[in-house]
$ cat query_7.tsv   # TSV, C-alpha atoms and all ligand atoms
chain	number	residue	atom	x	y	z
I	30	MET	CA	116.02	109.99	43.03
I	31	ILE	CA	112.76	111.94	42.88
I	32	ARG	CA	112.92	112.49	46.61
I	33	ASN	CA	116.47	113.79	46.35
I	34	LEU	CA	115.50	116.09	43.53
I	35	THR	CA	112.57	117.42	45.54
I	36	LEU	CA	114.80	118.11	48.54
I	37	TRP	CA	117.25	119.87	46.29
I	38	ILE	CA	114.54	122.13	44.88
I	39	PHE	CA	113.23	122.97	48.37
I	40	GLY	CA	116.79	123.67	49.44
I	41	GLY	CA	117.11	126.14	46.60
I	42	LEU	CA	113.90	127.92	47.55
I	43	LEU	CA	115.15	128.27	51.09
I	44	LEU	CA	118.46	129.86	50.22
I	45	ALA	CA	117.44	133.14	51.79
I	46	ALA	CA	115.66	131.76	54.83
I	47	CYS	CA	116.73	130.36	58.15
I	48	ALA	CA	114.01	127.90	58.92
I	49	VAL	CA	113.12	124.55	57.50
I	50	ALA	CA	109.81	122.90	58.24
I	51	PRO	CA	109.14	123.64	61.88
I	52	THR	CA	106.26	121.20	62.25
I	53	SER	CA	104.48	123.27	64.89
I	54	GLN	CA	103.98	126.11	62.39
I	55	ARG	CA	102.45	124.08	59.58
I	56	GLY	CA	99.02	124.55	61.10
I	57	LEU	CA	99.24	128.28	60.42
I	58	ALA	CA	99.36	127.81	56.65
I	59	GLN	CA	95.82	128.97	55.89
I	60	GLN	CA	94.55	131.16	53.06
I	61	GLY	CA	98.06	132.43	52.42
I	62	ALA	CA	97.83	135.17	55.07
I	63	ASN	CA	100.73	135.66	57.45
I	64	PRO	CA	100.02	136.41	61.12
I	65	GLU	CA	100.60	140.09	61.96
I	66	LEU	CA	103.93	141.37	63.15
I	67	VAL	CA	103.92	141.83	66.92
I	68	LEU	CA	106.09	143.19	69.72
I	69	GLU	CA	106.05	141.06	72.85
I	70	LYS	CA	107.49	142.39	76.09
I	71	ILE	CA	109.65	139.81	77.85
I	72	ALA	CA	111.46	141.89	80.48
I	73	GLU	CA	111.76	145.51	81.65
I	74	ASP	CA	112.71	147.50	78.51
I	75	VAL	CA	113.13	144.36	76.36
I	76	TRP	CA	110.75	143.11	73.66
I	77	ILE	CA	110.80	140.27	71.12
I	78	HIS	CA	109.66	141.24	67.61
I	79	LYS	CA	107.94	138.49	65.66
I	80	SER	CA	107.33	138.49	61.91
I	81	TYR	CA	106.26	135.85	59.42
I	82	GLU	CA	107.07	135.01	55.83
I	83	THR	CA	105.27	132.36	53.83
I	84	ILE	CA	107.65	129.81	52.43
I	85	GLU	CA	105.94	127.00	50.56
I	86	PRO	CA	105.26	124.23	51.25
I	87	TRP	CA	105.52	125.08	54.95
I	88	GLY	CA	103.43	128.22	55.17
I	89	PRO	CA	104.23	131.17	57.47
I	90	ILE	CA	107.64	130.90	59.12
I	91	LEU	CA	108.19	132.85	62.35
I	92	SER	CA	111.35	134.90	62.76
I	93	GLN	CA	112.20	136.74	65.97
I	94	GLY	CA	114.47	139.64	66.82
I	95	LEU	CA	114.97	141.81	69.88
I	96	VAL	CA	114.23	145.41	70.88
I	97	VAL	CA	116.13	146.86	73.84
I	98	LYS	CA	115.63	150.29	75.40
I	99	ASP	CA	118.92	151.22	77.01
I	100	GLY	CA	118.52	154.54	78.81
I	101	ALA	CA	118.09	157.18	76.10
I	102	GLU	CA	119.14	154.76	73.35
I	103	LEU	CA	117.19	152.17	71.42
I	104	LEU	CA	118.74	149.06	69.94
I	105	VAL	CA	116.97	146.67	67.57
I	106	ILE	CA	118.50	143.32	66.77
I	107	ASP	CA	117.47	142.02	63.32
I	108	THR	CA	114.94	143.46	60.87
I	109	ALA	CA	111.66	141.76	59.98
I	110	TRP	CA	111.67	139.50	56.87
I	111	ASN	CA	111.17	142.30	54.34
I	112	ASP	CA	110.92	146.07	53.91
I	113	GLU	CA	107.15	146.25	54.32
I	114	ASP	CA	107.13	144.41	57.64
I	115	THR	CA	110.14	146.37	58.81
I	116	GLU	CA	108.22	149.63	58.14
I	117	ARG	CA	105.50	148.24	60.39
I	118	LEU	CA	108.08	147.21	63.01
I	119	LEU	CA	109.65	150.68	63.15
I	120	ASP	CA	106.19	152.29	63.29
I	121	LEU	CA	105.20	150.07	66.22
I	122	ILE	CA	108.44	150.91	68.02
I	123	ASP	CA	107.80	154.63	67.41
I	124	GLU	CA	104.26	154.35	68.80
I	125	GLN	CA	104.90	152.09	71.75
I	126	ILE	CA	108.51	152.36	72.86
I	127	PHE	CA	110.73	155.09	71.53
I	128	ASN	CA	110.13	157.93	69.16
I	129	GLY	CA	113.18	158.54	67.05
I	130	PRO	CA	115.95	156.78	65.24
I	131	GLY	CA	117.85	154.05	67.05
I	132	THR	CA	120.51	151.54	66.09
I	133	LEU	CA	119.90	148.26	64.27
I	134	VAL	CA	122.30	145.30	64.26
I	135	PRO	CA	121.53	142.18	62.18
I	136	THR	CA	122.81	138.80	63.43
I	137	HIS	CA	123.67	137.36	60.00
I	138	ALA	CA	123.09	137.89	56.30
I	139	HIS	CA	119.83	136.07	55.55
I	140	ALA	CA	116.47	137.64	54.66
I	141	ASP	CA	114.85	136.85	58.01
I	142	LYS	CA	117.53	138.91	59.81
I	143	MET	CA	118.23	141.76	57.40
I	144	GLY	CA	115.60	141.62	54.64
I	145	GLY	CA	114.35	145.04	55.76
I	146	MET	CA	117.72	146.78	55.98
I	147	ASN	CA	116.88	149.15	53.14
I	148	THR	CA	113.96	150.52	55.16
I	149	VAL	CA	116.06	151.00	58.28
I	150	ASN	CA	118.78	152.82	56.34
I	151	LYS	CA	116.17	155.08	54.72
I	152	ARG	CA	114.69	156.03	58.08
I	153	ASN	CA	118.07	157.34	59.10
I	154	TRP	CA	118.73	154.80	61.79
I	155	ALA	CA	122.32	153.83	62.54
I	156	THR	CA	122.85	150.37	61.06
I	157	LEU	CA	125.83	148.32	62.09
I	158	ALA	CA	126.84	144.81	61.03
I	159	PHE	CA	129.73	142.48	61.58
I	160	GLU	CA	132.13	142.76	58.63
I	161	LEU	CA	131.48	139.15	57.57
I	162	THR	CA	127.74	139.91	57.53
I	163	ASN	CA	128.05	142.97	55.32
I	164	GLU	CA	130.25	140.95	52.94
I	165	ALA	CA	127.75	138.07	52.83
I	166	ALA	CA	124.82	140.47	52.35
I	167	ALA	CA	126.07	141.43	48.90
I	168	LYS	CA	126.30	137.76	47.95
I	169	HIS	CA	122.68	137.17	49.00
I	170	GLY	CA	121.29	140.29	47.30
I	171	LEU	CA	120.62	141.97	50.66
I	172	THR	CA	121.25	145.61	51.51
I	173	PRO	CA	124.26	145.92	53.82
I	174	ALA	CA	124.30	147.93	57.03
I	175	ARG	CA	125.89	151.36	56.73
I	176	SER	CA	128.72	150.59	59.14
I	177	SER	CA	130.85	147.50	59.73
I	178	VAL	CA	132.50	146.10	62.83
I	179	PRO	CA	135.83	144.70	61.58
I	180	TYR	CA	136.64	141.02	61.75
I	181	PHE	CA	139.93	140.80	63.61
I	182	GLU	CA	140.08	137.23	64.86
I	183	HIS	CA	143.57	136.65	63.53
I	184	GLU	CA	145.08	139.68	65.18
I	185	ARG	CA	143.67	139.05	68.61
I	186	GLY	CA	143.76	135.27	68.53
I	187	LYS	CA	140.19	135.09	69.79
I	188	PRO	CA	136.72	135.65	68.43
I	189	ASN	CA	135.31	139.16	68.11
I	190	SER	CA	133.25	140.82	70.78
I	191	TRP	CA	131.93	144.39	70.95
I	192	ASN	CA	129.28	146.45	72.71
I	193	VAL	CA	126.45	148.71	71.64
I	194	GLY	CA	125.45	150.36	74.91
I	195	ARG	CA	125.01	147.61	77.47
I	196	ILE	CA	124.45	144.88	74.88
I	197	GLN	CA	127.45	142.68	74.13
I	198	PHE	CA	127.73	141.21	70.63
I	199	PHE	CA	129.89	138.15	70.17
I	200	TYR	CA	131.11	136.23	67.15
I	201	PRO	CA	131.60	132.65	68.36
I	202	GLY	CA	132.65	131.18	64.99
I	203	PRO	CA	130.71	129.57	62.14
I	204	GLY	CA	127.55	127.53	62.64
I	205	HIS	CA	124.23	128.35	60.93
I	206	THR	CA	126.32	130.67	58.71
I	207	ARG	CA	129.93	131.78	58.68
I	208	ASP	CA	128.96	135.24	59.96
I	209	ASN	CA	126.41	134.45	62.71
I	210	ILE	CA	126.68	136.51	65.91
I	211	VAL	CA	124.80	136.44	69.22
I	212	ALA	CA	123.85	139.26	71.62
I	213	TYR	CA	123.74	139.36	75.42
I	214	ASP	CA	121.98	141.72	77.82
I	215	PRO	CA	123.69	141.48	81.23
I	216	LYS	CA	120.87	143.46	82.88
I	217	THR	CA	118.16	140.90	82.09
I	218	LYS	CA	120.47	137.87	81.49
I	219	ILE	CA	118.82	137.45	78.09
I	220	LEU	CA	120.94	135.89	75.34
I	221	PHE	CA	119.67	136.35	71.79
I	222	GLY	CA	121.01	133.37	69.84
I	223	GLY	CA	119.45	134.05	66.43
I	224	CYS	CA	119.51	131.14	63.99
I	225	LEU	CA	122.61	129.62	65.60
I	226	ILE	CA	120.44	128.41	68.49
I	227	ARG	CA	117.55	126.06	67.81
I	228	PRO	CA	114.24	126.08	69.69
I	229	GLY	CA	113.48	123.21	72.04
I	230	GLU	CA	110.74	121.92	69.72
I	231	ALA	CA	113.14	121.66	66.74
I	232	ASN	CA	114.49	118.26	65.82
I	233	THR	CA	116.71	119.52	62.99
I	234	LEU	CA	119.20	122.35	62.56
I	235	GLY	CA	116.81	124.14	60.16
I	236	ASN	CA	118.24	125.63	56.97
I	237	THR	CA	121.81	124.39	56.64
I	238	THR	CA	122.42	125.76	53.14
I	239	ASP	CA	125.20	128.07	54.36
I	240	ALA	CA	126.05	126.17	57.54
I	241	ASP	CA	129.34	124.84	58.85
I	242	LEU	CA	128.12	121.55	60.33
I	243	ALA	CA	131.56	120.46	61.55
I	244	ALA	CA	132.05	123.68	63.53
I	245	TRP	CA	128.49	124.26	64.82
I	246	ALA	CA	128.65	122.32	68.13
I	247	ASP	CA	131.96	123.90	69.22
I	248	THR	CA	130.67	127.32	68.22
I	249	VAL	CA	127.68	126.92	70.57
I	250	ARG	CA	130.03	125.69	73.32
I	251	ARG	CA	131.92	129.00	72.92
I	252	VAL	CA	128.63	130.87	73.37
I	253	ALA	CA	127.91	128.92	76.57
I	254	ALA	CA	131.43	129.62	77.90
I	255	GLU	CA	131.32	133.35	77.03
I	256	PHE	CA	127.96	133.90	78.76
I	257	PRO	CA	127.88	131.69	81.88
I	258	ASP	CA	125.28	133.97	83.49
I	259	ALA	CA	122.79	133.90	80.60
I	260	GLU	CA	119.47	132.53	81.81
I	261	ILE	CA	116.94	133.23	79.04
I	262	ILE	CA	117.93	132.04	75.58
I	263	ILE	CA	116.00	133.34	72.55
I	264	PRO	CA	116.28	131.56	69.19
I	265	SER	CA	115.11	132.99	65.85
I	266	HIS	CA	112.48	130.41	65.08
I	267	GLY	CA	110.66	129.31	68.22
I	268	PRO	CA	109.95	129.90	71.91
I	269	ALA	CA	112.54	131.28	74.33
I	270	GLY	CA	113.94	128.77	76.79
I	271	GLY	CA	116.70	128.27	79.34
I	272	ARG	CA	120.28	127.13	78.87
I	273	ASP	CA	118.89	123.75	77.81
I	274	LEU	CA	118.53	125.29	74.31
I	275	LEU	CA	122.33	125.50	74.11
I	276	ALA	CA	122.71	121.82	75.01
I	277	HIS	CA	119.85	120.90	72.67
I	278	THR	CA	121.52	122.71	69.75
I	279	ILE	CA	124.90	121.10	70.49
I	280	ALA	CA	123.20	117.67	70.50
I	281	LEU	CA	121.46	118.38	67.15
I	282	ALA	CA	124.72	119.61	65.63
I	283	GLU	CA	126.59	116.51	66.77
I	284	VAL	CA	123.95	114.15	65.40
I	285	THR	CA	123.79	116.04	62.08
I	286	ASN	CA	127.56	116.04	61.73
I	287	ASP	CA	127.85	112.25	62.32
I	301	ZN	ZN	119.82	132.36	58.50

$ encode --input "query_7.tsv" --output "structure tokens"
Amino acid sequence: MIRNLTLWIFGGLLLAACAVAPTSQRGLAQQGANPELVLEKIAEDVWIHKSYETIEPWGPILSQGLVVKDGAELLVIDTAWNDEDTERLLDLIDEQIFNGPGTLVPTHAHADKMGGMNTVNKRNWATLAFELTNEAAAKHGLTPARSSVPYFEHERGKPNSWNVGRIQFFYPGPGHTRDNIVAYDPKTKILFGGCLIRPGEANTLGNTTDADLAAWADTVRRVAAEFPDAEIIIPSHGPAGGRDLLAHTIALAEVTND
């Protein structure tokens, strides 16, 4: 009873976050200071951005997004956890990669993916979200992107897909949330899976507060089928890996849904 109550309280605290208790990050919970936001180059013109938010009792939780320089355009996938860190992220991008406004696309409506949307809007970047994400943002007290990509699954009879420059965005169906999307760069064969895809070290699905557990495994199968050439898979909350992360997530989803 007490245990259930405790889990319920933790669940409530994690409403706005993607991650639950990644054991490898507990060691970072020291003196309440989060590690600094960093940009990490992983391929020609592609960087991972890493930011941290302290969520007790687990300490700093890593969240990752992507930065892609596509000719004269710059695309950022996901904000940092909050406005302050997103200011820092955009400053770093200005200094190191691209001076000027770009386009930002969040991969679902939780704080780790769009908690800094207000900052991005204020800096006059183009901000673009899947319609389901902008709708969910209001529900979670998050600032929506300025533009929406319409949800038209019923008209076309298949999930949504659209491009920003060379990057293909794809809505595979519900999983971590109802609105989660993934992004693929055909040039580098990098697939950004966001919170839908779990890191290899994870032995749970993370925060399932808004998840569709019954649909999750099939949703990841749709990702695998849509991007047969993807070689590097990047999750929100842990190290990049190969296609084994897709199989790993499907296995976790099937066990959790049993
Ligand atoms: Zn999330």

$ closest_residue --input "query_7.tsv" --among "I:Ala212, I:Val252, I:Leu66, I:Ala140" --to "ligand ZN 301 (chain I)" --atoms "all atoms listed in the file"
I:Ala140

$ residues_around --input "query_7.tsv" --residues "I:Tyr213" --least-positions-apart "6" --cutoff "9 Å" --atoms "all atoms listed in the file" --output "list in words"
Arg195, Ile196, Gln197, Phe198, Phe199, Ile219, Leu220, Phe221, Gly222, Phe256 and Ala259 of chain I

$ residues_near_ligand --input "query_7.tsv" --ligand "ligand ZN 301 (chain I)" --cutoff "9 Å" --atoms "all atoms listed in the file" --output "list in words"
Leu44, Ala45, Ala46, Cys47, Ala48, Thr136, His137, Ala138, His139, Ala140, Asp141, Lys142, His205, Thr206, Asn209, Gly223, Cys224, Leu225, Gly235, Asn236, Thr237, Thr238, Asp239, Ala240 and Ser265 of chain I

$ closest_residue --input "query_7.tsv" --among "I:Gly202, I:Pro89, I:Gly131, I:Pro257" --to "I:Asn189" --atoms "only C-alpha atoms"
I:Gly202

$ axis_aligned_box --input "query_7.tsv" --around "stretch 255-268 of chain I" --padding-each-side "4 Å" --output "AutoDock Vina command-line options"
--center_x 120.6 --center_y 131.6 --center_z 74.3 --size_x 29.4 --size_y 12.7 --size_z 26.4

$ closest_residue --input "query_7.tsv" --among "I:Asn232, I:Thr148, I:Thr162, I:Ser177" --to "I:His277" --atoms "all atoms listed in the file"
I:Asn232

$ atom_distance --input "query_7.tsv" --atom1 "atom CA of I:Lys98" --atom2 "atom CA of I:Ile126"
7.8 Å

$ residues_around --input "query_7.tsv" --residues "I:Trp154" --least-positions-apart "6" --cutoff "10 Å" --atoms "only C-alpha atoms" --output "ChimeraX atom specification"
/I:104,129-133,146,148,175

$ write_last_selection --input "query_7.tsv" --atoms "C-alpha atoms" --output "mmCIF file, in the coordinates of the input"
data_model
loop_
_atom_site.group_PDB
_atom_site.id
_atom_site.type_symbol
_atom_site.label_atom_id
_atom_site.label_comp_id
_atom_site.auth_asym_id
_atom_site.auth_seq_id
_atom_site.Cartn_x
_atom_site.Cartn_y
_atom_site.Cartn_z
ATOM 1 C CA LEU I 104 118.740 149.060 69.940
ATOM 2 C CA GLY I 129 113.180 158.540 67.050
ATOM 3 C CA PRO I 130 115.950 156.780 65.240
ATOM 4 C CA GLY I 131 117.850 154.050 67.050
ATOM 5 C CA THR I 132 120.510 151.540 66.090
ATOM 6 C CA LEU I 133 119.900 148.260 64.270
ATOM 7 C CA MET I 146 117.720 146.780 55.980
ATOM 8 C CA THR I 148 113.960 150.520 55.160
ATOM 9 C CA ARG I 175 125.890 151.360 56.730
#

$ atom_distance --input "query_7.tsv" --atom1 "atom CA of I:Ser92" --atom2 "atom CA of I:Lys79"
5.7 Å

$ closest_residue --input "query_7.tsv" --among "I:Pro135, I:Gly204, I:Gly100, I:Gly267" --to "I:Asp74" --atoms "only C-alpha atoms"
I:Gly100

$ closest_residue --input "query_7.tsv" --among "I:Lys168, I:Thr248, I:Ala174, I:Val96" --to "I:Asn153" --atoms "all atoms listed in the file"
I:Ala174

$ atom_distance --input "query_7.tsv" --atom1 "atom CA of I:Gln93" --atom2 "atom CA of I:Ala269"
10.0 Å

$ residues_around --input "query_7.tsv" --residues "I:Val75" --least-positions-apart "3" --cutoff "8 Å" --atoms "only C-alpha atoms" --output "PyMOL selection string"
chain I and resi 70-72+95-98

$ closest_residue --input "query_7.tsv" --among "I:Pro179, I:Gly194, I:Gly88, I:Pro201" --to "I:Ala253" --atoms "all atoms listed in the file"
I:Pro201
